[in-house]
file run_11.cif (mmCIF, C-alpha atoms and all ligand atoms)
data_protein
loop_
_atom_site.label_atom_id
_atom_site.label_comp_id
_atom_site.auth_asym_id
_atom_site.auth_seq_id
_atom_site.Cartn_x
_atom_site.Cartn_y
_atom_site.Cartn_z
CA MET A 63 20.26 -20.36 -25.77
CA ASN A 64 19.28 -19.09 -22.32
CA GLN A 65 21.35 -16.36 -20.75
CA THR A 66 23.00 -17.16 -17.38
CA HIS A 67 22.27 -14.55 -14.74
CA ARG A 68 25.01 -13.97 -12.18
CA ILE A 69 23.73 -13.49 -8.63
CA PHE A 70 25.60 -12.90 -5.38
CA ASN A 71 24.75 -15.20 -2.47
CA VAL A 72 26.00 -13.20 0.52
CA VAL A 73 26.86 -14.80 3.85
CA GLY A 74 28.94 -13.85 6.86
CA ALA A 75 27.48 -15.10 10.13
CA ARG A 76 26.83 -18.77 11.03
CA PRO A 77 23.04 -18.83 10.47
CA GLN A 78 23.44 -17.22 7.05
CA ILE A 79 25.80 -19.90 5.85
CA ILE A 80 23.26 -22.49 6.99
CA LYS A 81 20.39 -20.67 5.25
CA ALA A 82 22.43 -20.13 2.09
CA ALA A 83 23.02 -23.89 1.90
CA ALA A 84 19.35 -24.36 1.02
CA LEU A 85 19.34 -21.84 -1.84
CA SER A 86 22.70 -23.05 -3.07
CA ARG A 87 21.36 -26.61 -3.24
CA ALA A 88 18.25 -25.51 -5.16
CA LEU A 89 20.39 -23.51 -7.60
CA ARG A 90 22.73 -26.43 -8.28
CA GLU A 91 19.95 -28.98 -8.61
CA HIS A 92 17.44 -27.04 -10.70
CA TYR A 93 18.90 -23.81 -12.06
CA ALA A 94 22.39 -24.71 -13.32
CA GLY A 95 23.06 -22.76 -16.50
CA LEU A 96 20.27 -20.32 -15.69
CA LEU A 97 21.42 -18.71 -12.46
CA GLU A 98 25.15 -18.47 -11.74
CA GLU A 99 25.73 -18.39 -8.01
CA VAL A 100 28.67 -16.35 -6.75
CA MET A 101 29.17 -17.02 -3.05
CA VAL A 102 30.44 -13.98 -1.13
CA HIS A 103 31.59 -14.17 2.52
CA SER A 104 31.94 -11.00 4.55
CA GLY A 105 34.15 -12.65 7.17
CA GLN A 106 31.87 -11.63 10.05
CA HIS A 107 32.28 -15.12 11.52
CA TYR A 108 35.68 -16.69 10.96
CA ASP A 109 36.43 -19.42 13.55
CA ARG A 110 36.45 -22.82 11.86
CA ASN A 111 33.45 -23.97 13.89
CA MET A 112 31.50 -20.79 13.07
CA SER A 113 32.10 -20.88 9.32
CA ASP A 114 34.25 -23.44 7.44
CA VAL A 115 32.61 -26.44 9.06
CA PHE A 116 29.25 -25.58 7.45
CA PHE A 117 30.71 -25.24 3.95
CA GLU A 118 32.32 -28.66 4.31
CA GLU A 119 29.45 -30.47 5.95
CA MET A 120 26.62 -28.99 3.86
CA GLY A 121 28.47 -29.11 0.55
CA ILE A 122 28.25 -25.36 -0.05
CA PRO A 123 30.55 -23.95 -2.75
CA ARG A 124 33.56 -22.17 -1.24
CA PRO A 125 33.22 -18.37 -1.32
CA ALA A 126 34.46 -16.99 -4.60
CA HIS A 127 35.11 -13.75 -2.70
CA HIS A 128 35.99 -13.30 0.95
CA LEU A 129 36.09 -9.83 2.50
CA HIS A 130 37.82 -11.00 5.73
CA VAL A 131 36.21 -8.16 7.69
CA GLY A 132 36.23 -9.94 11.06
CA SER A 133 34.92 -8.58 14.35
CA GLY A 134 34.50 -4.93 15.32
CA THR A 135 32.09 -2.30 16.52
CA HIS A 136 28.86 -2.09 14.54
CA GLY A 137 29.86 0.99 12.55
CA ARG A 138 33.35 -0.21 11.78
CA GLN A 139 32.28 -3.72 10.85
CA THR A 140 29.32 -2.61 8.73
CA GLY A 141 31.37 0.15 7.09
CA GLU A 142 34.23 -2.20 6.16
CA MET A 143 31.73 -4.64 4.69
CA MET A 144 30.04 -1.93 2.65
CA ARG A 145 33.37 -0.82 1.20
CA GLY A 146 34.26 -4.37 0.25
CA MET A 147 30.82 -5.15 -1.14
CA GLU A 148 30.73 -1.98 -3.21
CA ASP A 149 34.06 -2.79 -4.86
CA LEU A 150 32.96 -6.36 -5.49
CA ILE A 151 29.61 -5.42 -6.99
CA ARG A 152 31.33 -2.93 -9.28
CA SER A 153 33.89 -5.45 -10.47
CA GLU A 154 31.68 -8.55 -10.68
CA ASN A 155 28.51 -6.91 -11.90
CA PRO A 156 25.91 -9.28 -10.43
CA ARG A 157 22.32 -8.92 -11.66
CA LEU A 158 20.99 -9.35 -8.12
CA VAL A 159 22.27 -9.69 -4.54
CA VAL A 160 20.72 -12.23 -2.14
CA VAL A 161 20.98 -11.48 1.58
CA TYR A 162 19.72 -13.40 4.60
CA GLY A 163 18.24 -12.46 7.95
CA ASP A 164 19.30 -9.48 9.98
CA THR A 165 23.02 -9.32 10.67
CA ASN A 166 25.49 -6.55 9.92
CA THR A 167 26.45 -8.54 6.81
CA THR A 168 22.81 -8.36 5.64
CA LEU A 169 22.61 -4.61 6.09
CA ALA A 170 26.00 -3.85 4.54
CA ALA A 171 25.37 -5.90 1.42
CA ALA A 172 21.82 -4.58 1.02
CA LEU A 173 22.85 -0.92 1.29
CA ALA A 174 25.86 -1.31 -0.99
CA ALA A 175 23.79 -3.09 -3.64
CA ALA A 176 20.75 -0.80 -3.48
CA LYS A 177 22.88 2.32 -3.88
CA LEU A 178 24.56 0.80 -6.92
CA LYS A 179 21.05 0.12 -8.27
CA VAL A 180 21.49 -3.62 -8.08
CA PRO A 181 18.28 -5.31 -6.86
CA VAL A 182 18.34 -6.90 -3.42
CA ALA A 183 16.53 -10.14 -2.60
CA HIS A 184 15.93 -10.47 1.13
CA VAL A 185 15.45 -13.99 2.44
CA GLU A 186 13.62 -13.88 5.81
CA ALA A 187 11.98 -10.55 5.11
CA GLY A 188 9.32 -8.98 7.31
CA LEU A 189 10.32 -10.30 10.72
CA ARG A 190 9.95 -7.82 13.52
CA SER A 191 10.60 -7.85 17.24
CA PHE A 192 9.39 -4.24 17.57
CA ASN A 193 12.44 -3.62 19.73
CA LYS A 194 14.92 -1.31 18.06
CA TYR A 195 17.38 -1.74 20.90
CA MET A 196 18.23 -4.98 19.11
CA PRO A 197 20.83 -4.32 16.42
CA GLU A 198 19.11 -7.01 14.34
CA GLU A 199 15.82 -5.07 14.31
CA ILE A 200 17.53 -2.05 12.81
CA ASN A 201 19.26 -4.24 10.23
CA ARG A 202 16.12 -6.06 9.13
CA VAL A 203 13.90 -2.97 8.91
CA LEU A 204 16.45 -1.09 6.80
CA CYS A 205 17.16 -4.09 4.62
CA ASP A 206 13.46 -4.65 3.88
CA HIS A 207 13.06 -1.03 2.84
CA VAL A 208 15.75 -1.25 0.14
CA SER A 209 14.82 -4.72 -1.15
CA THR A 210 13.13 -5.51 -4.44
CA LEU A 211 12.27 -9.16 -3.75
CA LEU A 212 11.11 -9.83 -0.19
CA PHE A 213 10.77 -13.50 0.69
CA THR A 214 8.71 -14.05 3.83
CA PRO A 215 9.08 -17.15 6.02
CA SER A 216 5.81 -16.71 7.93
CA ARG A 217 2.37 -15.16 7.37
CA GLN A 218 3.05 -12.72 10.22
CA ALA A 219 6.04 -11.39 8.26
CA GLU A 220 3.75 -10.34 5.39
CA ILE A 221 1.48 -8.55 7.86
CA ASN A 222 4.46 -6.75 9.38
CA LEU A 223 5.63 -5.55 5.96
CA ALA A 224 2.15 -4.33 5.04
CA ARG A 225 2.08 -2.25 8.22
CA GLU A 226 5.18 -0.46 6.96
CA GLY A 227 3.64 0.09 3.54
CA ILE A 228 5.59 -2.71 1.86
CA VAL A 229 3.03 -4.72 -0.08
CA HIS A 230 3.28 -6.88 -3.14
CA SER A 231 3.31 -4.62 -6.15
CA GLY A 232 0.49 -5.58 -8.49
CA GLU A 233 2.43 -4.55 -11.54
CA GLU A 234 5.55 -6.10 -12.94
CA PRO A 235 8.35 -5.35 -13.47
CA PHE A 236 9.26 -5.13 -9.82
CA ASP A 237 11.83 -2.66 -8.60
CA ILE A 238 12.99 -1.05 -5.39
CA ASP A 239 9.93 1.23 -5.35
CA HIS A 240 7.53 -1.51 -6.47
CA PRO A 241 8.77 -4.57 -4.67
CA ALA A 242 7.56 -8.14 -4.78
CA VAL A 243 6.55 -9.70 -1.46
CA VAL A 244 6.48 -13.45 -1.87
CA HIS A 245 5.52 -15.88 0.86
CA THR A 246 7.87 -18.83 0.45
CA GLY A 247 8.13 -20.35 3.90
CA ASP A 248 11.42 -20.72 5.68
CA VAL A 249 14.64 -22.04 4.11
CA MET A 250 15.57 -23.38 7.55
CA PHE A 251 12.57 -25.69 7.31
CA ASP A 252 13.91 -26.93 3.96
CA ASN A 253 17.18 -27.69 5.73
CA ALA A 254 15.51 -29.36 8.70
CA LEU A 255 13.69 -31.72 6.35
CA TYR A 256 16.70 -32.36 4.14
CA TYR A 257 19.32 -32.86 6.85
CA GLY A 258 16.97 -34.06 9.56
CA ARG A 259 16.40 -37.44 7.91
CA GLU A 260 17.32 -40.42 10.03
CA ASP A 261 20.45 -41.18 8.02
CA THR A 262 22.04 -37.72 8.14
CA GLY A 263 22.64 -36.22 11.66
CA ASP A 264 26.02 -36.80 13.28
CA SER A 265 25.23 -38.81 16.39
CA ARG A 266 28.86 -39.18 17.52
CA VAL A 267 28.30 -35.93 19.38
CA LEU A 268 26.04 -37.83 21.81
CA ASP A 269 28.93 -40.12 22.77
CA ARG A 270 31.44 -37.30 22.92
CA LEU A 271 29.20 -35.50 25.43
CA ASP A 272 28.23 -38.74 27.19
CA ILE A 273 24.50 -38.12 26.74
CA ARG A 274 23.43 -40.98 24.49
CA ASP A 275 20.10 -42.35 25.78
CA LYS A 276 20.20 -39.91 28.70
CA PRO A 277 17.80 -37.02 29.25
CA TYR A 278 19.30 -33.59 28.69
CA VAL A 279 18.35 -30.00 28.02
CA LEU A 280 19.97 -28.21 25.08
CA ALA A 281 20.71 -24.52 25.66
CA THR A 282 22.26 -21.75 23.57
CA LEU A 283 22.81 -18.10 24.44
CA HIS A 284 24.43 -15.37 22.37
CA ARG A 285 22.24 -12.24 22.04
CA ASP A 286 24.17 -9.15 23.10
CA MET A 287 21.38 -8.15 25.49
CA ASN A 288 22.05 -11.38 27.43
CA THR A 289 25.81 -11.78 27.07
CA ASP A 290 27.01 -8.23 27.58
CA ASP A 291 25.02 -7.55 30.74
CA PRO A 292 26.60 -9.40 33.68
CA GLY A 293 23.31 -9.39 35.63
CA ARG A 294 21.37 -11.09 32.83
CA LEU A 295 24.17 -13.49 31.94
CA GLN A 296 24.48 -14.55 35.58
CA ALA A 297 20.69 -14.86 35.95
CA VAL A 298 20.38 -17.20 32.96
CA MET A 299 23.49 -19.30 33.60
CA GLY A 300 22.80 -19.43 37.34
CA THR A 301 19.22 -20.60 36.83
CA LEU A 302 20.30 -23.24 34.31
CA LEU A 303 22.84 -24.49 36.82
CA GLU A 304 20.26 -24.54 39.59
CA ILE A 305 17.79 -26.56 37.47
CA ALA A 306 20.53 -28.96 36.36
CA GLU A 307 21.70 -29.63 39.93
CA LYS A 308 18.25 -29.83 41.48
CA GLU A 309 16.71 -32.02 38.78
CA LYS A 310 19.89 -33.98 38.10
CA ILE A 311 19.57 -33.37 34.40
CA THR A 312 22.42 -32.62 32.05
CA VAL A 313 22.42 -29.24 30.35
CA VAL A 314 24.35 -29.15 27.07
CA ILE A 315 25.55 -25.72 26.00
CA PRO A 316 27.40 -25.29 22.70
CA LEU A 317 28.88 -21.95 23.60
CA HIS A 318 28.97 -19.08 21.11
CA PRO A 319 32.40 -17.36 21.11
CA ARG A 320 30.79 -14.11 22.18
CA THR A 321 29.35 -15.78 25.29
CA ARG A 322 32.61 -17.58 26.07
CA LYS A 323 34.42 -14.26 25.92
CA MET A 324 31.93 -12.52 28.23
CA ILE A 325 31.85 -15.41 30.75
CA ALA A 326 35.64 -15.07 30.97
CA GLU A 327 35.47 -11.27 31.17
CA PHE A 328 32.91 -11.37 34.00
CA ARG A 329 34.85 -14.23 35.67
CA MET A 330 31.82 -16.52 35.76
CA GLY A 331 33.62 -19.57 34.45
CA LYS A 332 34.35 -21.30 37.75
CA SER A 333 30.84 -22.18 38.86
CA THR A 334 29.75 -23.42 35.44
CA ALA A 335 32.90 -25.48 34.88
CA SER A 336 32.62 -27.26 38.22
CA SER A 337 29.14 -28.80 37.80
CA GLN A 338 28.99 -32.41 36.68
CA TRP A 339 25.61 -31.61 35.08
CA PHE A 340 26.91 -28.93 32.74
CA ARG A 341 28.37 -29.89 29.35
CA ILE A 342 29.80 -26.70 27.96
CA THR A 343 31.31 -27.29 24.55
CA ASP A 344 32.62 -25.30 21.62
CA PRO A 345 30.09 -24.52 18.88
CA VAL A 346 29.10 -27.73 17.13
CA SER A 347 28.49 -28.41 13.45
CA TYR A 348 25.00 -28.18 11.96
CA LEU A 349 24.58 -31.95 11.72
CA GLU A 350 25.69 -32.29 15.34
CA MET A 351 23.37 -29.49 16.37
CA ILE A 352 20.29 -31.02 14.81
CA THR A 353 21.18 -34.34 16.43
CA LEU A 354 21.33 -32.53 19.78
CA GLU A 355 18.02 -30.82 19.06
CA LYS A 356 16.24 -34.00 18.01
CA ASN A 357 17.30 -35.89 21.13
CA ALA A 358 16.87 -33.13 23.73
CA ARG A 359 14.16 -33.23 26.39
CA LEU A 360 13.57 -29.57 25.65
CA ILE A 361 15.44 -26.57 24.29
CA MET A 362 16.30 -23.23 25.88
CA THR A 363 17.71 -20.46 23.72
CA ASP A 364 17.82 -16.84 22.66
CA SER A 365 18.66 -17.81 19.07
CA GLY A 366 16.18 -17.13 16.30
CA GLY A 367 17.18 -20.18 14.31
CA VAL A 368 17.20 -22.54 17.26
CA GLN A 369 13.67 -21.47 18.28
CA LYS A 370 12.41 -22.62 14.90
CA GLU A 371 14.47 -25.78 14.84
CA ALA A 372 12.94 -26.66 18.22
CA HIS A 373 9.59 -26.40 16.46
CA PHE A 374 10.72 -28.41 13.41
CA PHE A 375 11.98 -31.20 15.68
CA LYS A 376 8.89 -31.00 17.89
CA LYS A 377 10.48 -29.74 21.10
CA ALA A 378 9.14 -27.22 23.57
CA CYS A 379 11.30 -24.11 23.69
CA ILE A 380 12.08 -21.69 26.50
CA VAL A 381 13.20 -18.38 25.02
CA PHE A 382 15.56 -16.06 26.92
CA ARG A 383 13.99 -12.96 25.46
CA LYS A 384 11.20 -10.48 26.19
CA GLU A 385 9.78 -10.80 22.69
CA THR A 386 10.35 -12.85 19.58
CA GLU A 387 9.97 -12.48 15.84
CA TRP A 388 8.58 -16.02 15.75
CA VAL A 389 5.32 -15.09 17.45
CA GLU A 390 3.41 -18.11 16.09
CA LEU A 391 5.36 -20.36 18.43
CA VAL A 392 4.51 -18.37 21.53
CA ASN A 393 0.87 -17.86 20.53
CA HIS A 394 0.55 -21.56 19.91
CA GLY A 395 2.02 -22.36 23.32
CA THR A 396 5.02 -24.49 22.40
CA ALA A 397 7.48 -21.68 23.08
CA CYS A 398 7.57 -19.49 26.15
CA LEU A 399 9.22 -16.09 26.61
CA VAL A 400 11.07 -15.88 29.92
CA ASP A 401 13.40 -12.91 29.39
CA ALA A 402 16.31 -13.41 31.79
CA SER A 403 14.05 -13.92 34.79
CA PRO A 404 14.92 -16.86 37.09
CA GLU A 405 11.27 -17.15 38.19
CA LYS A 406 9.97 -17.28 34.63
CA ILE A 407 12.65 -19.78 33.60
CA ARG A 408 11.68 -22.07 36.51
CA GLU A 409 7.95 -21.70 35.72
CA ALA A 410 8.51 -22.53 32.07
CA TRP A 411 10.65 -25.51 33.03
CA ASP A 412 7.84 -26.78 35.29
CA LEU A 413 5.35 -26.25 32.46
CA PHE A 414 7.32 -28.02 29.75
CA ARG A 415 9.51 -30.60 31.51
CA ASP A 416 7.11 -33.51 31.14
CA GLN A 417 5.09 -32.40 28.12
CA ASN A 418 5.33 -35.10 25.50
CA ASN A 419 2.19 -34.56 23.47
CA LEU A 420 2.46 -31.00 22.20
CA ASP A 421 1.53 -30.43 18.60
CA PHE A 422 3.63 -28.48 16.11
CA PRO A 423 1.65 -27.16 13.14
CA PRO A 424 3.42 -26.30 9.88
CA PHE A 425 3.85 -22.54 10.36
CA TYR A 426 6.83 -22.12 8.05
CA GLY A 427 5.83 -23.36 4.63
CA GLU A 428 6.17 -26.69 2.93
CA GLY A 429 9.91 -27.21 2.87
CA ASN A 430 10.31 -25.85 -0.66
CA ALA A 431 11.19 -22.25 0.19
CA ALA A 432 14.55 -22.30 -1.60
CA SER A 433 13.01 -23.56 -4.87
CA LEU A 434 10.32 -20.89 -4.70
CA ILE A 435 12.96 -18.24 -4.07
CA ALA A 436 15.17 -19.41 -6.95
CA GLY A 437 12.19 -19.59 -9.32
CA THR A 438 11.06 -16.07 -8.41
CA ILE A 439 14.58 -14.71 -8.88
CA LEU A 440 14.85 -16.32 -12.30
CA ARG A 441 11.49 -14.97 -13.47
CA PHE A 442 12.42 -11.52 -12.20
CA LEU A 443 15.75 -11.52 -14.03
CA GLU A 444 14.27 -12.93 -17.22
CA ARG A 445 12.11 -9.84 -17.44
CA GLY A 446 15.41 -7.97 -17.72
CA LYS A 447 14.58 -5.06 -15.44
CA SER A 448 16.86 -3.85 -12.62
CA SER A 449 15.79 -1.52 -9.85
C1 LIG B 1 25.88 -12.02 14.99
C2 LIG B 1 24.63 -11.27 14.56
C3 LIG B 1 23.41 -11.90 15.22
C4 LIG B 1 23.34 -13.38 14.95
C5 LIG B 1 24.66 -14.04 15.32
C6 LIG B 1 24.63 -15.48 14.89
C7 LIG B 1 24.90 -8.86 14.14
C8 LIG B 1 24.66 -7.50 14.66
N1 LIG B 1 24.69 -9.86 15.00
O1 LIG B 1 26.02 -11.85 16.38
O2 LIG B 1 22.24 -11.30 14.71
O3 LIG B 1 22.31 -13.94 15.71
O4 LIG B 1 25.74 -13.39 14.64
O5 LIG B 1 25.56 -16.25 15.54
O6 LIG B 1 25.26 -8.99 13.00
N2 LIG B 1 33.63 -14.08 17.56
C9 LIG B 1 34.65 -14.99 17.52
N3 LIG B 1 34.77 -15.78 16.43
C10 LIG B 1 33.95 -15.72 15.36
C11 LIG B 1 32.92 -14.78 15.40
C12 LIG B 1 32.76 -13.97 16.50
O7 LIG B 1 35.43 -15.09 18.46
O8 LIG B 1 34.12 -16.49 14.40
C13 LIG B 1 33.46 -13.26 18.76
C14 LIG B 1 34.23 -11.93 18.69
O9 LIG B 1 34.69 -11.64 19.97
C15 LIG B 1 33.13 -10.95 18.29
C16 LIG B 1 31.90 -11.53 19.01
O10 LIG B 1 32.08 -12.93 18.92
O11 LIG B 1 33.41 -9.64 18.71
C17 LIG B 1 30.59 -11.12 18.38
O12 LIG B 1 30.56 -11.45 16.98
P1 LIG B 1 29.62 -10.62 15.96
O13 LIG B 1 29.66 -11.25 14.64
O14 LIG B 1 29.92 -9.18 16.05
O15 LIG B 1 28.18 -10.76 16.60
P2 LIG B 1 27.41 -12.07 17.07
O16 LIG B 1 27.16 -11.94 18.53
O17 LIG B 1 28.10 -13.27 16.57
N1 LIG B 2 24.01 -23.90 15.29
C1 LIG B 2 25.06 -24.77 15.01
N2 LIG B 2 25.96 -25.02 16.00
C2 LIG B 2 25.88 -24.46 17.22
C3 LIG B 2 24.81 -23.58 17.50
C4 LIG B 2 23.90 -23.31 16.51
O1 LIG B 2 25.16 -25.32 13.90
O2 LIG B 2 26.75 -24.73 18.06
C5 LIG B 2 23.04 -23.61 14.22
C6 LIG B 2 21.61 -23.87 14.60
O3 LIG B 2 21.29 -25.23 14.39
C7 LIG B 2 20.88 -22.92 13.66
C8 LIG B 2 21.82 -21.74 13.55
O4 LIG B 2 23.10 -22.22 13.95
O5 LIG B 2 20.72 -23.51 12.37
C9 LIG B 2 21.39 -20.62 14.44
O6 LIG B 2 22.38 -19.66 14.46
P1 LIG B 2 22.62 -18.68 15.70
O7 LIG B 2 21.96 -19.20 16.90
O8 LIG B 2 24.09 -18.41 15.76
O9 LIG B 2 21.97 -17.30 15.19
P2 LIG B 2 20.48 -16.75 15.05
O10 LIG B 2 19.64 -17.78 14.41
O11 LIG B 2 20.02 -16.36 16.42
O12 LIG B 2 20.66 -15.53 14.23
#
call {"tool": "encode", "arguments": {"input": "run_11.cif", "output": "structure tokens"}}
result
Amino acid sequence: MNQTHRIFNVVGARPQIIKAAALSRALREHYAGLLEEVMVHSGQHYDRNMSDVFFEEMGIPRPAHHLHVGSGTHGRQTGEMMRGMEDLIRSENPRLVVVYGDTNTTLAAALAAAKLKVPVAHVEAGLRSFNKYMPEEINRVLCDHVSTLLFTPSRQAEINLAREGIVHSGEEPFDIDHPAVVHTGDVMFDNALYYGREDTGDSRVLDRLDIRDKPYVLATLHRDMNTDDPGRLQAVMGTLLEIAEKEKITVVIPLHPRTRKMIAEFRMGKSTASSQWFRITDPVSYLEMITLEKNARLIMTDSGGVQKEAHFFKKACIVFRKETEWVELVNHGTACLVDASPEKIREAWDLFRDQNNLDFPPFYGEGNAASLIAGTILRFLERGKSS
């Protein structure tokens, strides 16, 4: 009889829960009895619409362990998570720990596991913005350097890893010093294909926001560089408002709690609340979000995930950042970096507003990333070697 290998699937922030849904689905459908998934939630995101809603809607198993760490400064939050993860790894004894992306949850789980000599599998390895003022850049670089299995979503990610000396080890068994770099494509593409079918999205959101069959722009904003600097926050929100009023086009903004808090703190709420063209709403569910993405005229965002979903759903994307990890999109010309510059935002709007025949090549794999990841993990564990 085959042995069942216990693995931790670690989530904490919204995009990780969404990414974990893809692996969780692949594990249930094809690896039951071979890989035992133990879902662990750090508690980094905790509002219902930032966490629970995704478990319910995407059919993800409830976390077997919840650290309830909550919000805090980087050091405090990461430290609390490391303490909790260390205790959990010691008591549950997983054979491998899967982490996603670049949040404090990713870093905490990766460091705790690596120091306990439990191999780390990093989903979304190799992405780089080359801007270490982003907390995410620090998290992803450190995580990659303690991982044993590095799953890359894009070809550029492999190149980035090679530049740092992280290349696929020719010799098995893999370990922390001889890692495996495996190009799988992006689990978010798996999700976009799976949930993006005609019969899935939740189109009631279009009625709730009174935008069914009407043109609208979808915008999200949550990066600390944009929210915590009143000048940048005002520049982006003010320019969105100006475009909405001038062009008489609705701008839908599912507002991240961080941004809502900072808009209140900087007392910017009045102008945005008073425009008939602004639809500011609480964060929406994933199925609502992809409905909004699919039906938008174009998308404006500083989110990593939303940039790619714009691509998956064939929408031009204006990115409120100086640089991006998803360079293929910018090089190809369907995404445009505008920083927080009103002039650049207006120029990009003029460029993209009426573009209907852009093409969107398959940069992020074939939609089977989660199966490739699960298969690689199983083969690695079957060889019976830990880092
Ligand atoms: C985090 C990640 C970021 C990711 C984003 C996804 C880090 C360093 N940052 O940023 O990479 O893109 O998640 O959304 O890990 N808050 C609530 N309710 C919640 C969660 C947060 O009110 O459920 C508020 C709190 O005031 C908190 C603030 O949002 O202080 C920021 O949350 P935090 O998780 O620290 O960072 P994010 O900006 O969400
Ligand atoms: N998302 C969502 N509801 C929202 C906003 C975003 O479900 O109100 C989804 C979005 O579709 C994508 C993911 O959250 O799958 C992106 O997460 P986020 O922007 O918080 O973080 P990032 O990707 O920048 O790390």
call {"tool": "closest_residue", "arguments": {"input": "run_11.cif", "among": "A:Leu283, A:Met351, A:Leu302, A:Met324", "to": "Val267 of chain A", "atoms": "only C-alpha atoms"}}
result
A:Met351
call {"tool": "closest_residue", "arguments": {"input": "run_11.cif", "among": "A:Glu304, A:Val279, A:Glu385, A:Ser333", "to": "Arg415 of chain A", "atoms": "only C-alpha atoms"}}
result
A:Val279
call {"tool": "residues_around", "arguments": {"input": "run_11.cif", "residues": "Ile69 of chain A", "least_positions_apart": "6", "cutoff": "9 Å", "atoms": "all atoms listed in the file", "output": "PDB file with C-alpha atoms, keeping the file's coordinate frame"}}
result
ATOM      1  CA  LEU A  97      21.420 -18.710 -12.460  1.00  0.00           C
ATOM      2  CA  GLU A  98      25.150 -18.470 -11.740  1.00  0.00           C
ATOM      3  CA  GLU A  99      25.730 -18.390  -8.010  1.00  0.00           C
ATOM      4  CA  VAL A 100      28.670 -16.350  -6.750  1.00  0.00           C
ATOM      5  CA  MET A 101      29.170 -17.020  -3.050  1.00  0.00           C
ATOM      6  CA  ASN A 155      28.510  -6.910 -11.900  1.00  0.00           C
ATOM      7  CA  PRO A 156      25.910  -9.280 -10.430  1.00  0.00           C
ATOM      8  CA  ARG A 157      22.320  -8.920 -11.660  1.00  0.00           C
ATOM      9  CA  LEU A 158      20.990  -9.350  -8.120  1.00  0.00           C
ATOM     10  CA  VAL A 159      22.270  -9.690  -4.540  1.00  0.00           C
ATOM     11  CA  VAL A 160      20.720 -12.230  -2.140  1.00  0.00           C
TER      12      VAL A 160
END
call {"tool": "closest_atom_pairs", "arguments": {"input": "run_11.cif", "of": "chain A", "to": "ligand LIG 2 (chain B)", "cutoff": "6 Å", "atoms": "all atoms listed in the file", "output": "JSON lines"}}
result
{"residue": "A:Arg76", "atom": "CA", "partner": "B:LIG2", "partner_atom": "O8", "distance": 5.5}
{"residue": "A:Pro77", "atom": "CA", "partner": "B:LIG2", "partner_atom": "O6", "distance": 4.1}
{"residue": "A:Pro316", "atom": "CA", "partner": "B:LIG2", "partner_atom": "O2", "distance": 4.7}
{"residue": "A:Pro345", "atom": "CA", "partner": "B:LIG2", "partner_atom": "O2", "distance": 3.4}
{"residue": "A:Val346", "atom": "CA", "partner": "B:LIG2", "partner_atom": "O2", "distance": 3.9}
{"residue": "A:Ser347", "atom": "CA", "partner": "B:LIG2", "partner_atom": "O1", "distance": 4.6}
{"residue": "A:Tyr348", "atom": "CA", "partner": "B:LIG2", "partner_atom": "O1", "distance": 3.5}
{"residue": "A:Met351", "atom": "CA", "partner": "B:LIG2", "partner_atom": "O3", "distance": 5.1}
{"residue": "A:Ile352", "atom": "CA", "partner": "B:LIG2", "partner_atom": "O3", "distance": 5.9}
{"residue": "A:Ser365", "atom": "CA", "partner": "B:LIG2", "partner_atom": "O11", "distance": 3.3}
{"residue": "A:Gly366", "atom": "CA", "partner": "B:LIG2", "partner_atom": "O11", "distance": 3.9}
{"residue": "A:Gly367", "atom": "CA", "partner": "B:LIG2", "partner_atom": "O10", "distance": 3.4}
{"residue": "A:Val368", "atom": "CA", "partner": "B:LIG2", "partner_atom": "C7", "distance": 5.2}
call {"tool": "closest_residue", "arguments": {"input": "run_11.cif", "among": "A:Asp269, A:Glu91, A:Glu387, A:Asp239", "to": "Leu189 of chain A", "atoms": "all atoms listed in the file"}}
result
A:Glu387
call {"tool": "atom_distance", "arguments": {"input": "run_11.cif", "atom1": "atom O17 of ligand LIG 1 (chain B)", "atom2": "atom CA of Thr321 of chain A"}}
result
9.2 Å
call {"tool": "residues_near_ligand", "arguments": {"input": "run_11.cif", "ligand": "ligand LIG 1 (chain B)", "cutoff": "6 Å", "atoms": "all atoms listed in the file", "output": "list in words"}}
result
Ala75, Arg76, Pro77, Gln106, His107, Tyr108, Asp109, Met112, Ser133, Gly134, Asp164, Thr165, Asn166, Pro197, Glu198, His284, Pro319 and Arg320 of chain A
call {"tool": "atom_distance", "arguments": {"input": "run_11.cif", "atom1": "atom CA of Lys323 of chain A", "atom2": "atom CA of Phe382 of chain A"}}
result
19.0 Å
call {"tool": "residues_around", "arguments": {"input": "run_11.cif", "residues": "segment 246-260 of chain A", "least_positions_apart": "5", "cutoff": "9 Å", "atoms": "only C-alpha atoms", "output": "ChimeraX atom specification"}}
result
/A:80-85,120,185-186,213-217,348-349,352-353,356,367,370-371,374-375,425-435
call {"tool": "closest_residue", "arguments": {"input": "run_11.cif", "among": "A:Gly300, A:Pro181, A:Pro424, A:Gly227", "to": "Arg408 of chain A", "atoms": "all atoms listed in the file"}}
result
A:Gly300
call {"tool": "closest_residue", "arguments": {"input": "run_11.cif", "among": "A:Val180, A:Leu443, A:Ile305, A:Ala436", "to": "Glu409 of chain A", "atoms": "all atoms listed in the file"}}
result
A:Ile305
call {"tool": "closest_residue", "arguments": {"input": "run_11.cif", "among": "A:Thr210, A:Thr135, A:Thr363, A:Thr282", "to": "Ala175 of chain A", "atoms": "all atoms listed in the file"}}
result
A:Thr210
call {"tool": "residues_near_point", "arguments": {"input": "run_11.cif", "point": "(20.6, -10.8, 30.5)", "cutoff": "12 Å", "atoms": "only C-alpha atoms", "output": "JSON, numbers by chain"}}
result
{"A": [283, 284, 285, 286, 287, 288, 289, 290, 291, 292, 293, 294, 295, 296, 297, 298, 299, 300, 301, 321, 324, 364, 381, 382, 383, 384, 400, 401, 402, 403, 404]}
